[in-house]
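Notes to accompany the following structure.
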Protein chains: 2
Amino acid sequence: MDLELIEQLVVKNDKKIIFLIMDGLGGLPQEGGTKTELETAATPNLDHLAAGGICGLLDPVGYGITPGSGPAHFALFGYDPLKYNVGRGLLSAAGLDFPLSPDDLYMRANFATLDKFGHIADRRAGRLDTEKNKLLCIKLKANVHLQKAKEVFFVTEKEHRALVVLRGGNLSEQISETDPQKTGQPPLEAQALIPAAENTAAAVRELSDKIRDVLSQEEKANIMLLRGYARYRTFPSMAGRFGLNPLAVASYPMYKGIARLLGMTLPQETTTIEEEIQALSSNWRSFDFFFVHVKATDSRGEDGNFAEKVKAIEKVDSLLPEICALNPDVLVVTGDHSTPAAMAGHSFHPVPVLLSAKTCRPDGAVSFGESACLTGGLGRMPMKYLMGVALAHAGKLQKFGA
Amino acid sequence: MDLELIEQLVVKNDKKIIFLIMDGLGGLPQEGGTKTELETAATPNLDHLAAGGICGLLDPVGYGITPGSGPAHFALFGYDPLKYNVGRGLLSAAGLDFPLSPDDLYMRANFATLDKFGHIADRRAGRLDTEKNKLLCIKLKANVHLQKAKEVFFVTEKEHRALVVLRGGNLSEQISETDPQKTGQPPLEAQALIPAAENTAAAVRELSDKIRDVLSQEEKANIMLLRGYARYRTFPSMAGRFGLNPLAVASYPMYKGIARLLGMTLPQETTTIEEEIQALSSNWRSFDFFFVHVKATDSRGEDGNFAEKVKAIEKVDSLLPEICALNPDVLVVTGDHSTPAAMAGHSFHPVPVLLSAKTCRPDGAVSFGESACLTGGLGRMPMKYLMGVALAHAGKLQKFGA
């Protein structure tokens, strides 16, 4: 079934849908254990929802595929992750609310440390202080002047992360990354992956060299590694496709970026989950779709910290009654992908999902966990179809055919 | 999801994967019974693997489709069975290590018995002795000379089975088979299925007639029935697609043929399962993917012998500790298709599968059988995606997208 069918059947009503996304929710047991992080966590509120709702397991991209956060979120919002895959640079740019232009090439940049042998000693420059990052971006903007591109921008994201934008000229995203993703080696040289990208590759090489010159006296952050190249592109909006008026409550730039690219409105700045729920409540009347993004579950999974990921899930569970008190017509709780602490990174495992609505048919899942979801009524399904199911439970899809 | 995505994400490492294929593994209960062959068999070792691993059910081609061994094996190895389907003649030729040429048309041939009324009395010529088959192939090669093709080869396979190869001219595989698949009727005449195949059909009719002339004095093997026409074609290798260095341990020509066509290495000749496991062990260091093929399960299913199929499964189970002692990183146990003894042939039922690796998420399956697999974490999935899941568990697939 094509997602375009969903679009053709959309009708508007005033029903409200919440997608509560615990990033990297899916997990694995610790060595010697039998329960995942979610199954270990005490989650009376999620369990209650699961018992009355319908559960299942979602494949973000496909069998065996470990997704990045970009494609996984596109799938969550009903956008085919293969069709809408895009370099992380554009997601960062949109997340930082950088004024996008069709002339731009966006790049994710890490400040990093080069040792005296010219090898990368630390790919994150000791998780550079964000204030220092800002000072360095100002210094770079003032001192880097390129012959091979019209303009260049440096925008601090957080800690060692920044956005770099080349503007002007006929730029291509078909060039190789300079980040070897390993320490103990020199940075890579950007190369054209297609003949038409030769000019861009030369510009990125010039950029890398000039950044290094400007940063040469820095102790920790003496180079930048570049990756996630993306040209400007536009996306069909959730309003246009699904008739929704969506709000995104997210604290990290990348997720804000995806939300902006899909036409979601962003409220006031938030940092904590409590602030996010506050933003959700105070904007409740004005929207009909709410994306609430929780980062901590993924971060603790990436850290390989099973116990802290369990706590992060329990924290969300403890705040769930505040979300339920808003009386959403459809409440979906899931992740964008799995990040098992046992693997300290994203994984290919399917993601547990629960959907709570008045129109749920009873299933076997009476608690929220990966094993219970195996018995759930949604079965195992491609993540990109979740939006259609949510719209259906909200009465927002007409009958197909007579 | 397209299988090409898997190829794009492949990274090499030294992790080792075993595919232990019990041909025709899936089954049905006997009349009046409730357990399949696999569920009836005492399989403590498989049950142990299932309890610690992840289970599911595989559809070789699609809902309701009974696959031949060719498409089923292509699906197992991550090759779309609809795209890579090929006449059995080519599989036999590759299995017999016949020197393949782009000029060839390959055919599966059965020696058969024609009665005095010109009807087929036995489609297998009383399961002809292999030595007799060899003598007849020599006689045919010496005496069959065609006007409508440059050269013809006769190669003994086993018992009544042989490979026949037409070489030269502009041959087509678009002709009808001469085997009516029933006794009590005359053999069919080869007909062109498209206009461009008229010459080939005439050559195959000439071939059938001359074979009959040469064999006219034979008591049992007095004709050959021809089918499984295939032109020469090449296949992308498993090395090229998945970065694997694969070994195939199989005792039957057809499975060796598929393995050769996909670029697998074949070790010393084997006949028994014990010899196959010996070949697996002695080649363990040199490869990273191992296809181990067990034929007996399918043969006893084809015989309609429930009890003997159960024994064949128990035999494999008893040898499983020797395979596990090699410490593969990923061990997959499944079949290529179902061959229920109750149906005495291939069937359309999905095939039980278990995958054992350190990265398996616990599921409900604590024994290996069709019913237990219904509760397994892999769910019911197209067989062609199994390879991607195995590669993922072996850490051989990179993340998709940022």
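Ordering of the structure tokens sets the chain letters (A, B, ...); residue numbers start at 1 within each chain; ligands are numbered from 1 in the order shown.
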Closest atom pairs, residues of chain A within 8 Å of chain B, only C-alpha atoms, as CSV:
residue,atom,partner,partner_atom,distance
A:Gly27,CA,B:Arg361,CA,7.9
A:Leu28,CA,B:Arg361,CA,5.6
A:Pro29,CA,B:Arg361,CA,7.2
A:Thr34,CA,B:Pro362,CA,6.7
A:Lys35,CA,B:Pro362,CA,7.7
A:Val61,CA,B:Met1,CA,7.2
A:Gly62,CA,B:Met1,CA,5.9
A:Tyr63,CA,B:Val389,CA,6.0
A:Gly64,CA,B:Val389,CA,4.2
A:Ile65,CA,B:Phe400,CA,6.9
A:Thr66,CA,B:Lys399,CA,4.8
A:Pro67,CA,B:Phe400,CA,4.8
A:Gly68,CA,B:Ala402,CA,4.4
A:Ser69,CA,B:Ala402,CA,6.0
A:Gly70,CA,B:Ala402,CA,5.7
A:Pro71,CA,B:Gly401,CA,6.2
A:Asn85,CA,B:Gly401,CA,6.6
A:Val86,CA,B:Gly401,CA,7.3
A:Gly87,CA,B:Ala402,CA,6.5
A:Arg88,CA,B:Ala402,CA,5.4
A:Gly228,CA,B:Ala402,CA,7.0
A:His346,CA,B:Lys399,CA,7.8
A:Phe348,CA,B:Ala392,CA,7.0
A:His349,CA,B:Arg361,CA,8.0
A:Ser371,CA,B:Asp363,CA,5.8
A:Leu374,CA,B:Gly377,CA,6.6
A:Thr375,CA,B:Thr375,CA,7.6
A:Arg380,CA,B:Gly379,CA,7.0
From a DSSP pass on the backbone, collect the residues of segment 158-199 of chain B flagged as helix (DSSP H, G or I) and hand them back as a count of residues only.
5
* Asked: For Asp103 of chain B, which residue among B:Ser347, B:Ser251, B:Thr265, B:Ser172 is the nearest when counting only C-alpha atoms?
  ->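 Checking each candidate against Asp103 of chain B, we get B:Ser172 as the closest.
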Pairwise distance, atom CA of Arg300 of chain A with atom CA of Phe154 of chain A, equals 28.8 Å
Based on DSSP run over this structure's backbone, return all residues of segment 20-60 of chain A in strand (DSSP E), as a ChimeraX atom specification. /A:20-22,54-59
**Report entry** Which residue of B:Ala192, B:Met224, B:Val214, B:Val204 approaches Ala125 of chain B most closely, using only C-alpha atoms
**Finding:**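 The answer is B:Met224, which sits nearest to Ala125 of chain B.
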| query | Quick one: residues within 10 Å of His293 of chain A, only C-alpha atoms counted, chain neighbours fewer than 5 positions away excluded, as a PyMOL selection string? | reply | chain A and resi 19-23+248-252+255-256+273+276+335-336
**Item:** Nearest residue to Val164 of chain A from the set A:Asp80, A:Glu39, A:Glu218, A:Glu151 (distances using only C-alpha atoms)
**Value:**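 Among A:Asp80, A:Glu39, A:Glu218, A:Glu151, it is A:Glu151 that comes nearest to Val164 of chain A.
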Out of B:Leu57, B:Gln217, B:Leu105, B:Leu25, which residue has the shortest atom-to-atom distance to Leu354 of chain B when counting only C-alpha atoms?
->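 Closest to Leu354 of chain B, using only C-alpha atoms: B:Leu57.
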ask   = Could you pull the residues within 8 Å of Val353 of chain B, counting only C-alpha atoms, minus those fewer than 3 positions along the same chain, as a list in words?
value =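 Selected residues are Cys55, Gly56, Leu57, Leu58, Val332, Val333, Thr334, Gly335 and Cys373 of chain B.
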Could you write out the selected residues, including C-alpha atoms, as an mmCIF file, in the first residue's frame?
data_model
loop_
_atom_site.group_PDB
_atom_site.id
_atom_site.type_symbol
_atom_site.label_atom_id
_atom_site.label_comp_id
_atom_site.auth_asym_id
_atom_site.auth_seq_id
_atom_site.Cartn_x
_atom_site.Cartn_y
_atom_site.Cartn_z
ATOM 1 C CA CYS B 55 12.383 -17.503 16.034
ATOM 2 C CA GLY B 56 9.906 -16.855 13.270
ATOM 3 C CA LEU B 57 8.339 -18.118 10.049
ATOM 4 C CA LEU B 58 9.633 -17.437 6.556
ATOM 5 C CA VAL B 332 20.624 -19.725 11.464
ATOM 6 C CA VAL B 333 18.655 -22.972 11.300
ATOM 7 C CA THR B 334 15.805 -23.199 8.833
ATOM 8 C CA GLY B 335 14.603 -24.884 5.648
ATOM 9 C CA CYS B 373 7.772 -19.985 15.865
#
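Each of A:Leu163, A:Ile258, A:Leu136, A:Val294 was checked against Tyr84 of chain A using only C-alpha atoms; the smallest atom-to-atom distance is that of A:Ile258.
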Pairwise distance, atom CA of Tyr232 of chain A with atom CA of Lys132 of chain A, equals 28.5 Å
TODO: Go through A:Gln30, A:Thr297, A:Gln147, A:Ser318 and flag the residue nearest Glu274 of chain A, using only C-alpha atoms for the distances.
DONE: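 For Glu274 of chain A, the nearest of the candidates is A:Ser318.
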| query | Near Asn245 of chain A, within 9 Å and counting only C-alpha atoms, which residues show up once chain neighbours fewer than 3 positions away are dropped, as a list in words? | reply |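 Once the adjacent positions are removed, what remains is Met238, Ala239, Phe242, Gly263, Met264, Thr265, Ser286, Phe287, Asp288, Phe289 and Phe290 of chain A.
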Skip Pro195 of chain A itself and residues of its chain fewer than 4 positions away, then list as an mmCIF file with N, CA and C atoms, in the first residue's frame all residues within 12 Å of it, counting only C-alpha atoms.
data_model
loop_
_atom_site.group_PDB
_atom_site.id
_atom_site.type_symbol
_atom_site.label_atom_id
_atom_site.label_comp_id
_atom_site.auth_asym_id
_atom_site.auth_seq_id
_atom_site.Cartn_x
_atom_site.Cartn_y
_atom_site.Cartn_z
ATOM 1 N N SER A 172 27.482 20.767 -4.646
ATOM 2 C CA SER A 172 26.940 19.399 -4.712
ATOM 3 C C SER A 172 27.106 18.718 -3.365
ATOM 4 N N GLU A 173 26.170 17.833 -3.012
ATOM 5 C CA GLU A 173 26.350 17.049 -1.777
ATOM 6 C C GLU A 173 27.088 15.745 -2.033
ATOM 7 N N GLN A 174 27.456 15.499 -3.276
ATOM 8 C CA GLN A 174 28.097 14.232 -3.639
ATOM 9 C C GLN A 174 29.611 14.300 -3.428
ATOM 10 N N ILE A 175 30.021 14.593 -2.203
ATOM 11 C CA ILE A 175 31.446 14.588 -1.869
ATOM 12 C C ILE A 175 31.652 13.754 -0.620
ATOM 13 N N GLN A 191 36.589 14.366 -1.258
ATOM 14 C CA GLN A 191 36.746 14.007 -2.670
ATOM 15 C C GLN A 191 35.389 14.041 -3.361
ATOM 16 N N ASN A 199 34.212 20.893 -8.101
ATOM 17 C CA ASN A 199 34.347 22.248 -7.550
ATOM 18 C C ASN A 199 34.020 22.282 -6.066
ATOM 19 N N THR A 200 32.950 21.582 -5.702
ATOM 20 C CA THR A 200 32.549 21.569 -4.296
ATOM 21 C C THR A 200 33.624 20.906 -3.441
ATOM 22 N N ALA A 201 34.164 19.788 -3.930
ATOM 23 C CA ALA A 201 35.210 19.085 -3.176
ATOM 24 C C ALA A 201 36.410 20.014 -2.964
ATOM 25 N N ALA A 202 36.765 20.762 -4.003
ATOM 26 C CA ALA A 202 37.890 21.700 -3.886
ATOM 27 C C ALA A 202 37.569 22.781 -2.853
#
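Between atom CA of Thr271 of chain B and atom CA of Leu140 of chain B there is a distance of 28.0 Å.
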